[in-house]
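Chemist: So I've got this file, data22.tsv, and it contains TSV, C-alpha atoms:
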chain	number	residue	atom	x	y	z
E	1	MET	CA	-10.57	9.36	-31.39
E	2	LYS	CA	-7.59	11.27	-32.87
E	3	ARG	CA	-4.82	12.64	-30.71
E	4	GLN	CA	-3.98	16.34	-30.87
E	5	THR	CA	-0.25	15.75	-30.24
E	6	THR	CA	2.25	12.94	-30.61
E	7	THR	CA	2.95	11.06	-27.40
E	8	ILE	CA	5.53	8.54	-26.21
E	9	LYS	CA	2.89	5.86	-26.74
E	10	ASP	CA	2.66	6.77	-30.44
E	11	ILE	CA	6.41	6.32	-30.85
E	12	ALA	CA	6.27	3.02	-28.94
E	13	ARG	CA	3.46	1.73	-31.15
E	14	GLU	CA	5.35	2.68	-34.31
E	15	LEU	CA	8.45	0.78	-33.21
E	16	GLY	CA	6.72	-2.11	-31.46
E	17	ILE	CA	8.40	-1.43	-28.12
E	18	SER	CA	7.10	-0.36	-24.70
E	19	PRO	CA	6.46	3.30	-23.71
E	20	SER	CA	8.93	2.91	-20.83
E	21	THR	CA	11.67	1.92	-23.31
E	22	VAL	CA	10.90	4.99	-25.44
E	23	SER	CA	11.02	7.23	-22.38
E	24	ARG	CA	14.39	5.89	-21.31
E	25	ALA	CA	15.77	6.11	-24.84
E	26	LEU	CA	14.80	9.78	-25.07
E	27	LYS	CA	16.61	10.34	-21.76
E	28	ASP	CA	19.74	8.58	-23.10
E	29	HIS	CA	19.46	5.89	-20.41
E	30	PHE	CA	22.54	3.63	-20.23
E	31	GLU	CA	20.42	0.43	-20.31
E	32	ILE	CA	19.06	1.23	-23.78
E	33	SER	CA	21.13	0.23	-26.82
E	34	GLU	CA	22.42	2.86	-29.23
E	35	GLU	CA	20.46	1.21	-32.04
E	36	THR	CA	17.18	1.59	-30.12
E	37	LYS	CA	18.02	5.18	-29.14
E	38	LYS	CA	18.66	6.10	-32.78
E	39	ALA	CA	15.39	4.47	-33.88
E	40	VAL	CA	13.44	6.28	-31.19
E	41	ARG	CA	14.97	9.66	-32.07
E	42	ARG	CA	14.27	9.07	-35.76
E	43	VAL	CA	10.59	8.23	-35.22
E	44	ALA	CA	10.22	11.06	-32.71
E	45	GLU	CA	11.46	13.50	-35.34
E	46	GLU	CA	9.25	11.98	-38.05
E	47	LEU	CA	6.16	12.26	-35.82
E	48	ASN	CA	7.13	15.74	-34.61
E	49	TYR	CA	7.19	14.64	-30.97
E	50	GLN	CA	7.48	17.49	-28.46
E	51	PRO	CA	8.02	16.82	-24.74
E	52	ASN	CA	5.03	18.02	-22.72
E	53	SER	CA	6.39	20.78	-20.49
E	54	LEU	CA	3.24	20.80	-18.35
E	55	ALA	CA	3.57	17.06	-17.86
E	56	LEU	CA	7.16	17.55	-16.70
E	57	SER	CA	6.02	20.30	-14.37
E	58	LEU	CA	3.39	18.06	-12.86
E	59	ARG	CA	5.98	15.29	-12.54
E	60	TYR	CA	8.47	17.33	-10.55
E	61	SER	CA	6.08	19.55	-8.59
E	62	LYS	CA	4.10	16.90	-6.75
E	63	SER	CA	1.23	17.79	-4.46
E	64	ASN	CA	1.07	14.32	-2.88
E	65	THR	CA	-2.68	14.40	-3.50
E	66	ILE	CA	-4.76	12.19	-5.78
E	67	GLY	CA	-8.36	12.70	-6.90
E	68	ILE	CA	-11.28	10.31	-7.20
E	69	ILE	CA	-14.39	10.63	-9.37
E	70	VAL	CA	-17.25	8.21	-8.67
E	71	PRO	CA	-20.90	8.21	-9.79
E	72	GLU	CA	-22.21	8.08	-6.20
E	73	ILE	CA	-20.34	8.22	-2.91
E	74	VAL	CA	-23.30	6.72	-1.02
E	75	HIS	CA	-23.29	3.62	-3.23
E	76	PHE	CA	-22.01	0.75	-1.06
E	77	PHE	CA	-19.73	-0.64	-3.75
E	78	PHE	CA	-18.09	2.71	-4.49
E	79	SER	CA	-17.64	3.43	-0.79
E	80	THR	CA	-15.73	0.17	-0.42
E	81	VAL	CA	-13.58	1.03	-3.45
E	82	ILE	CA	-12.81	4.43	-1.93
E	83	SER	CA	-11.76	2.72	1.30
E	84	GLY	CA	-9.33	0.55	-0.66
E	85	ILE	CA	-7.93	3.59	-2.47
E	86	GLU	CA	-7.45	5.49	0.79
E	87	ASP	CA	-5.77	2.47	2.38
E	88	ILE	CA	-3.01	2.53	-0.23
E	89	ALA	CA	-2.81	6.30	-0.68
E	90	GLN	CA	-2.44	7.10	3.01
E	91	SER	CA	0.13	4.36	3.54
E	92	ARG	CA	2.21	5.99	0.79
E	93	GLY	CA	1.85	9.53	2.13
E	94	TYR	CA	-0.86	10.80	-0.25
E	95	ASN	CA	-4.01	12.75	0.54
E	96	VAL	CA	-7.25	12.02	-1.31
E	97	ILE	CA	-9.88	14.38	-2.77
E	98	ILE	CA	-13.21	12.64	-3.46
E	99	THR	CA	-15.76	13.98	-5.97
E	100	GLN	CA	-18.97	12.51	-7.36
E	101	SER	CA	-20.58	12.98	-10.74
E	102	ASN	CA	-24.10	12.05	-9.59
E	103	GLU	CA	-24.31	10.13	-12.89
E	104	SER	CA	-23.98	13.41	-14.81
E	105	VAL	CA	-21.35	13.74	-17.55
E	106	GLU	CA	-21.46	17.53	-17.16
E	107	ARG	CA	-20.65	17.18	-13.47
E	108	GLU	CA	-17.95	14.66	-14.37
E	109	MET	CA	-16.32	17.20	-16.70
E	110	MET	CA	-16.39	19.81	-13.95
E	111	ASN	CA	-14.86	17.35	-11.50
E	112	ILE	CA	-11.87	16.47	-13.68
E	113	GLN	CA	-11.22	20.14	-14.42
E	114	THR	CA	-11.42	21.05	-10.72
E	115	LEU	CA	-9.03	18.27	-9.74
E	116	PHE	CA	-6.61	19.31	-12.48
E	117	ASN	CA	-6.77	22.94	-11.36
E	118	ASN	CA	-5.95	21.81	-7.83
E	119	ARG	CA	-2.79	20.15	-9.14
E	120	VAL	CA	-3.54	16.61	-8.03
E	121	ASP	CA	-0.84	14.13	-9.02
E	122	GLY	CA	-3.35	11.79	-10.66
E	123	VAL	CA	-7.01	10.81	-10.79
E	124	LEU	CA	-8.97	7.58	-10.36
E	125	VAL	CA	-12.25	7.51	-12.30
E	126	SER	CA	-15.40	5.42	-12.57
E	127	LEU	CA	-17.57	6.79	-15.39
E	128	SER	CA	-21.05	8.27	-15.09
E	129	LYS	CA	-23.87	6.52	-16.94
E	130	GLU	CA	-24.03	9.52	-19.34
E	131	SER	CA	-20.40	9.22	-20.47
E	132	PHE	CA	-20.36	8.32	-24.17
E	133	ASP	CA	-17.48	10.61	-25.18
E	134	TYR	CA	-14.20	10.65	-23.25
E	135	THR	CA	-12.61	13.77	-24.74
E	136	HIS	CA	-12.51	15.55	-21.36
E	137	PHE	CA	-10.30	12.78	-19.98
E	138	GLU	CA	-8.11	12.52	-23.08
E	139	VAL	CA	-7.41	16.26	-22.97
E	140	MET	CA	-6.23	15.99	-19.37
E	141	MET	CA	-4.08	12.95	-20.15
E	142	GLN	CA	-2.43	14.87	-22.99
E	143	LYS	CA	-1.66	17.64	-20.50
E	144	GLY	CA	0.24	15.15	-18.39
E	145	LEU	CA	-2.36	14.10	-15.82
E	146	PRO	CA	-2.20	10.36	-15.02
E	147	ILE	CA	-5.66	8.76	-15.00
E	148	VAL	CA	-6.62	5.21	-14.05
E	149	PHE	CA	-10.16	3.90	-14.58
E	150	PHE	CA	-11.94	1.36	-12.39
E	151	ASP	CA	-15.24	-0.56	-12.63
E	152	ARG	CA	-16.83	1.65	-15.32
E	153	VAL	CA	-13.96	2.23	-17.72
E	154	ALA	CA	-13.27	4.21	-20.91
E	155	ASP	CA	-12.43	1.36	-23.27
E	156	THR	CA	-10.95	3.56	-26.03
E	157	LEU	CA	-8.41	5.38	-23.84
E	158	GLU	CA	-4.92	3.96	-23.41
E	159	THR	CA	-4.32	3.85	-19.68
E	160	SER	CA	-4.47	1.37	-16.82
E	161	LYS	CA	-7.87	-0.05	-15.87
E	162	VAL	CA	-9.19	-2.26	-13.07
E	163	THR	CA	-12.50	-4.12	-13.42
E	164	VAL	CA	-14.22	-7.15	-12.04
E	165	ASP	CA	-15.09	-10.06	-14.30
E	166	ASP	CA	-18.61	-8.85	-15.10
E	167	PHE	CA	-19.07	-11.58	-17.70
E	168	LEU	CA	-18.31	-14.21	-15.06
E	169	GLY	CA	-20.67	-12.54	-12.59
E	170	GLY	CA	-23.53	-12.51	-15.10
E	171	TYR	CA	-22.82	-16.12	-15.97
E	172	GLN	CA	-22.67	-17.24	-12.32
E	173	ALA	CA	-25.96	-15.53	-11.45
E	174	THR	CA	-27.83	-16.96	-14.44
E	175	GLU	CA	-26.34	-20.43	-14.20
E	176	HIS	CA	-27.42	-20.59	-10.54
E	177	LEU	CA	-31.00	-19.62	-11.42
E	178	ILE	CA	-31.10	-22.22	-14.20
E	179	LYS	CA	-29.80	-24.93	-11.89
E	180	GLN	CA	-32.53	-24.04	-9.39
E	181	GLY	CA	-35.11	-24.89	-12.07
E	182	TYR	CA	-36.17	-21.44	-13.25
E	183	LYS	CA	-37.14	-21.30	-16.93
E	184	GLN	CA	-38.19	-17.75	-17.82
E	185	ILE	CA	-35.33	-15.61	-16.56
E	186	GLY	CA	-35.29	-11.86	-17.06
E	187	HIS	CA	-32.50	-9.33	-16.65
E	188	LEU	CA	-32.68	-5.80	-15.25
E	189	ALA	CA	-29.70	-4.26	-17.03
E	190	GLY	CA	-27.87	-0.97	-16.57
E	191	PRO	CA	-27.19	1.78	-19.15
E	192	GLU	CA	-26.45	0.34	-22.60
E	193	ASN	CA	-23.28	2.43	-23.10
E	194	LEU	CA	-21.42	0.95	-20.13
E	195	ASP	CA	-19.07	-2.01	-20.56
E	196	ILE	CA	-20.26	-3.54	-17.30
E	197	THR	CA	-23.80	-3.69	-18.71
E	198	SER	CA	-22.80	-5.49	-21.89
E	199	GLU	CA	-20.44	-7.87	-20.08
E	200	ARG	CA	-23.05	-8.93	-17.52
E	201	LEU	CA	-25.59	-9.38	-20.29
E	202	ASN	CA	-23.11	-11.46	-22.30
E	203	GLY	CA	-22.65	-13.72	-19.27
E	204	PHE	CA	-26.44	-13.97	-18.93
E	205	ARG	CA	-26.71	-15.03	-22.58
E	206	LYS	CA	-23.83	-17.50	-22.40
E	207	ALA	CA	-25.34	-19.29	-19.39
E	208	HIS	CA	-28.56	-19.75	-21.35
E	209	GLU	CA	-26.65	-21.03	-24.36
E	210	ASP	CA	-24.65	-23.54	-22.32
E	211	ALA	CA	-27.86	-24.84	-20.75
E	212	GLY	CA	-29.53	-25.22	-24.15
E	213	MET	CA	-32.06	-22.49	-23.32
E	214	LYS	CA	-33.21	-19.58	-25.44
E	215	VAL	CA	-33.11	-16.03	-24.07
E	216	ASN	CA	-36.44	-14.22	-24.10
E	217	GLU	CA	-35.41	-10.78	-25.37
E	218	ASP	CA	-38.63	-9.27	-24.02
E	219	LEU	CA	-37.38	-10.02	-20.52
E	220	ILE	CA	-34.28	-7.81	-20.84
E	221	ILE	CA	-34.94	-4.30	-19.55
E	222	TYR	CA	-32.30	-1.54	-19.77
E	223	ASN	CA	-31.90	1.54	-17.57
E	224	GLN	CA	-34.44	0.44	-14.96
E	225	ALA	CA	-32.00	-0.85	-12.36
E	226	SER	CA	-30.50	2.31	-10.90
E	227	ASN	CA	-32.78	2.31	-7.87
E	228	GLU	CA	-35.34	0.20	-6.06
E	229	SER	CA	-38.44	2.05	-7.25
E	230	ASP	CA	-37.55	1.84	-10.96
E	231	ALA	CA	-36.80	-1.86	-10.62
E	232	TYR	CA	-40.08	-2.40	-8.77
E	233	ALA	CA	-42.06	-0.71	-11.54
E	234	ALA	CA	-40.22	-2.53	-14.35
E	235	THR	CA	-40.66	-5.93	-12.71
E	236	PHE	CA	-44.32	-5.35	-11.97
E	237	GLU	CA	-44.95	-4.47	-15.62
E	238	LEU	CA	-43.15	-7.63	-16.74
E	239	PHE	CA	-45.48	-9.74	-14.58
E	240	LYS	CA	-48.46	-8.19	-16.38
E	241	THR	CA	-47.28	-9.03	-19.89
E	242	GLU	CA	-44.73	-11.85	-19.74
E	243	LYS	CA	-44.17	-15.25	-18.22
E	244	LEU	CA	-41.46	-14.56	-15.69
E	245	ASP	CA	-40.17	-16.77	-12.92
E	246	ALA	CA	-36.73	-15.30	-12.16
E	247	LEU	CA	-34.59	-12.17	-12.56
E	248	PHE	CA	-30.90	-11.38	-12.59
E	249	ALA	CA	-30.63	-7.76	-11.47
E	250	SER	CA	-27.56	-5.65	-12.23
E	251	ASN	CA	-27.36	-4.41	-8.65
E	252	ASP	CA	-28.76	-5.26	-5.23
E	253	LEU	CA	-31.16	-2.32	-4.99
E	254	ALA	CA	-32.79	-3.48	-8.20
E	255	ALA	CA	-32.96	-7.02	-6.81
E	256	MET	CA	-34.79	-5.74	-3.74
E	257	GLY	CA	-37.23	-3.80	-5.92
E	258	ALA	CA	-37.89	-6.94	-7.98
E	259	ILE	CA	-38.59	-8.98	-4.85
E	260	LYS	CA	-41.06	-6.41	-3.56
E	261	ALA	CA	-42.84	-6.35	-6.92
E	262	ALA	CA	-43.10	-10.15	-6.91
E	263	GLN	CA	-44.50	-10.17	-3.39
E	264	LYS	CA	-47.00	-7.45	-4.30
E	265	TYR	CA	-48.06	-9.53	-7.30
E	266	GLY	CA	-48.67	-12.52	-5.03
E	267	LYS	CA	-45.55	-14.50	-5.88
E	268	ASN	CA	-43.72	-16.63	-3.34
E	269	VAL	CA	-39.99	-15.91	-3.30
E	270	PRO	CA	-38.20	-18.22	-4.08
E	271	LEU	CA	-40.77	-20.95	-4.90
E	272	ASP	CA	-42.52	-18.96	-7.65
E	273	PHE	CA	-39.89	-16.36	-8.38
E	274	GLY	CA	-36.11	-16.26	-7.90
E	275	VAL	CA	-33.79	-13.24	-7.77
E	276	VAL	CA	-30.04	-12.68	-7.85
E	277	GLY	CA	-28.50	-9.23	-7.46
E	278	PHE	CA	-24.98	-7.86	-7.91
E	279	SER	CA	-22.44	-6.26	-5.49
E	280	ASN	CA	-23.26	-7.80	-2.09
E	281	TRP	CA	-24.47	-4.68	-0.35
E	282	GLN	CA	-24.62	-5.11	3.42
E	283	PHE	CA	-28.42	-5.17	3.53
E	284	THR	CA	-28.67	-8.23	1.27
E	285	ALA	CA	-27.94	-10.63	4.14
E	286	LEU	CA	-30.50	-8.92	6.42
E	287	THR	CA	-33.65	-8.77	4.28
E	288	ASN	CA	-36.48	-11.31	4.33
E	289	PRO	CA	-35.80	-13.26	2.23
E	290	SER	CA	-32.06	-12.68	2.20
E	291	ILE	CA	-30.91	-11.74	-1.30
E	292	SER	CA	-28.64	-13.90	-3.43
E	293	THR	CA	-25.97	-11.75	-5.03
E	294	ILE	CA	-22.69	-11.63	-6.90
E	295	GLU	CA	-19.90	-10.39	-4.67
E	296	GLN	CA	-17.36	-8.11	-6.29
E	297	PRO	CA	-14.18	-7.22	-4.37
E	298	GLY	CA	-14.53	-3.45	-4.11
E	299	PHE	CA	-11.84	-2.88	-1.47
E	300	GLU	CA	-9.29	-4.88	-3.45
E	301	MET	CA	-10.29	-3.04	-6.63
E	302	GLY	CA	-9.56	0.27	-4.91
E	303	GLN	CA	-6.20	-0.97	-3.69
E	304	HIS	CA	-5.14	-2.20	-7.13
E	305	ALA	CA	-6.34	0.99	-8.86
E	306	ALA	CA	-4.44	3.17	-6.39
E	307	GLU	CA	-1.28	1.09	-6.83
E	308	LEU	CA	-1.46	1.43	-10.62
E	309	LEU	CA	-2.02	5.19	-10.41
E	310	LEU	CA	0.86	5.73	-7.99
E	311	LYS	CA	3.09	3.64	-10.23
E	312	GLN	CA	2.44	6.20	-12.98
E	313	VAL	CA	2.78	9.18	-10.67
E	314	GLU	CA	6.09	8.07	-9.20
E	315	SER	CA	7.75	6.71	-12.34
E	316	GLU	CA	10.37	8.88	-14.01
E	317	GLU	CA	10.67	6.66	-17.07
E	318	GLY	CA	7.07	5.93	-18.03
E	319	VAL	CA	5.13	2.74	-17.34
E	320	ASP	CA	3.38	0.07	-19.36
E	321	PHE	CA	-0.37	0.30	-18.84
E	322	GLU	CA	-2.04	-2.66	-17.16
E	323	GLN	CA	-5.52	-4.18	-17.41
E	324	MET	CA	-6.62	-5.99	-14.25
E	325	LYS	CA	-9.77	-8.12	-14.00
E	326	LEU	CA	-10.80	-9.39	-10.55
E	327	PRO	CA	-12.97	-12.50	-10.04
E	328	THR	CA	-16.55	-12.48	-8.73
E	329	THR	CA	-18.21	-14.92	-6.33
E	330	LEU	CA	-21.81	-16.15	-6.17
E	331	LEU	CA	-23.43	-15.85	-2.74
E	332	ALA	CA	-26.57	-18.01	-2.92
E	333	ARG	CA	-29.19	-17.02	-0.33
E	334	ASP	CA	-32.94	-17.43	0.25
E	335	SER	CA	-34.17	-15.32	-2.68
E	336	SER	CA	-33.10	-17.96	-5.20
E	337	ARG	CA	-32.66	-21.29	-3.40
E	338	ARG	CA	-35.57	-23.62	-4.01
E	339	SER	CA	-33.83	-26.49	-2.20
Represent the structure contained in this file as structure tokens.
Modeler:
Amino acid sequence: MKRQTTTIKDIARELGISPSTVSRALKDHFEISEETKKAVRRVAEELNYQPNSLALSLRYSKSNTIGIIVPEIVHFFFSTVISGIEDIAQSRGYNVIITQSNESVEREMMNIQTLFNNRVDGVLVSLSKESFDYTHFEVMMQKGLPIVFFDRVADTLETSKVTVDDFLGGYQATEHLIKQGYKQIGHLAGPENLDITSERLNGFRKAHEDAGMKVNEDLIIYNQASNESDAYAATFELFKTEKLDALFASNDLAAMGAIKAAQKYGKNVPLDFGVVGFSNWQFTALTNPSISTIEQPGFEMGQHAAELLLKQVESEEGVDFEQMKLPTTLLARDSSRRS
């Protein structure tokens, strides 16, 4: 995706130095050598770099408010992330405006514009499932708005991002099912455009490979894991046409739908059919059977994302973008333990 204007990051990339060094050089900072300052000025002139006046205005006219865009506020995982964000923001004297896209890219575009118009100091974003193009975020970043992505991230945009190790989570879930003796393991996957979907699927595949097992591609179903009813229907159809004795579901609601479909089909869970979900929603420990799941640290993700955003907001010299990946943990419960 091509930039409309030259940025500090472009100069940094050209010279092989950090954006913060470029920023300080342009400000004639005493810690930067004259040789580096001359090189930065030369490249800035060659690339026709122009300081972003709106960015400077945003920098020195702070509102002490940050925005959040999530797909669904009612989603347990996102609610825990929001709690982590608020924990850091409030301790640092910032207010928080929360918006939700409802998995609509059009709504997401409206949200980012509304937050920008309200002069927030920065925005934390988890993408909607319809987000294939990130131009609406790039435009705002070029206007000087700091943006940090979490969980569902825009991989092509240069900014800080916080994720969990979705590959590890997919691997842990599948490896556990294999070790419990399940042979025909399916996967209820999320939207194909999201990184979290491909990473969890890659972990699913790698666990099969390491166990010397072949993945049955017919048992991988995309876009049928957003809610319990879709997962129920998809799982029930799989029972009609395929040999299936276990499922790794991309979230806990889908896992619950799969369990209900298995029970309706006359399967004993976990003796005939095993299930592992993802996220560790509160209800997973209370159902019958209790649901095995992959725990992802939502509160900690929110804290880290907020810290990275405020680092950008409060820096006068630019920051180096960071990529953080948090570990997942398998919580084995009754839905998948045969012994």
Chemist: Identify which of the residues E:Ser336, E:Gln224, E:Ser23, E:Gln323 lies closest to Asn268 of chain E, counting all atoms listed in the file when measuring atom-to-atom distances.
Modeler: E:Ser336
Chemist: Between atom CA of Phe149 of chain E and atom CA of Val162 of chain E, measure the distance and give it in Å to one decimal.
Modeler: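 If I compute the distance from atom CA of Phe149 of chain E to atom CA of Val162 of chain E, I get 6.4 Å.
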Chemist: Kindly indicate which residue among E:Ala89, E:Leu157, E:Leu201, E:Met256 lies nearest to Thr174 of chain E, using only C-alpha atoms for the distances.
Modeler: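 That would be E:Leu201, the residue with the smallest distance to Thr174 of chain E.
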Chemist: Here is a test: counting only C-alpha atoms, which residue of E:Gly318, E:Asp151, E:Phe278, E:Thr284 is nearest to Ala12 of chain E?
Modeler: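 Nearest to Ala12 of chain E: E:Gly318.
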Chemist: Which residue gives the smallest distance to Leu127 of chain E among E:Lys161, E:Ile112, E:Pro146, E:Val70, with only C-alpha atoms counted?
Modeler: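 Counting only C-alpha atoms, the residue closest to Leu127 of chain E is E:Val70.
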Chemist: Grab the atom CA of Asp121 of chain E to atom CA of Arg152 of chain E distance for me, in Å with one decimal place.
Modeler: 21.2 Å
Chemist: What's the separation between atom CA of Gln113 of chain E and atom CA of Glu72 of chain E, in Å to one decimal place?
Modeler: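 Value for the atom CA of Gln113 of chain E-atom CA of Glu72 of chain E distance: 18.3 Å.
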Chemist: Could you pull the residues within 8 Å of Gln184 of chain E, counting all atoms listed in the file, minus those fewer than 3 positions along the same chain, as a list in words?
Modeler: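 Those residues are Asn216, Lys243, Leu244, Asp245 and Ala246 of chain E.
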Chemist: Would you pick out the contacts of Thr235 of chain E at 9 Å or less, using only C-alpha atoms, so that residues sharing its chain but fewer than 3 positions from it are not included, and give the list as a ChimeraX atom specification?
Modeler: /E:188,230-232,238-240,247,257-259,261-262
Chemist: From the set E:Tyr222, E:Phe321, E:Tyr182, E:Phe132, which residue has the shortest atom-to-atom contact distance to Val148 of chain E, counting only C-alpha atoms?
Modeler: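 Of E:Tyr222, E:Phe321, E:Tyr182, E:Phe132, the one nearest Val148 of chain E, counting only C-alpha atoms, is E:Phe321.
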Chemist: Pick out the residues sitting within 12 Å of Phe116 of chain E, and hand them over as an MDAnalysis selection string; count only C-alpha atoms, and ignore anything fewer than 3 positions along from it in its own chain.
Modeler: chainID E and resid 54:55 58 63 65:68 97 109:113 119:123 136:137 139:141 143:147
Chemist: I'd like to know which of E:Phe77, E:Phe150, E:Phe204, E:Tyr265 is closest to Gly186 of chain E, using all atoms listed in the file.
Modeler: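 When distances to Gly186 of chain E are compared using all atoms listed in the file, the smallest one comes from E:Phe204.
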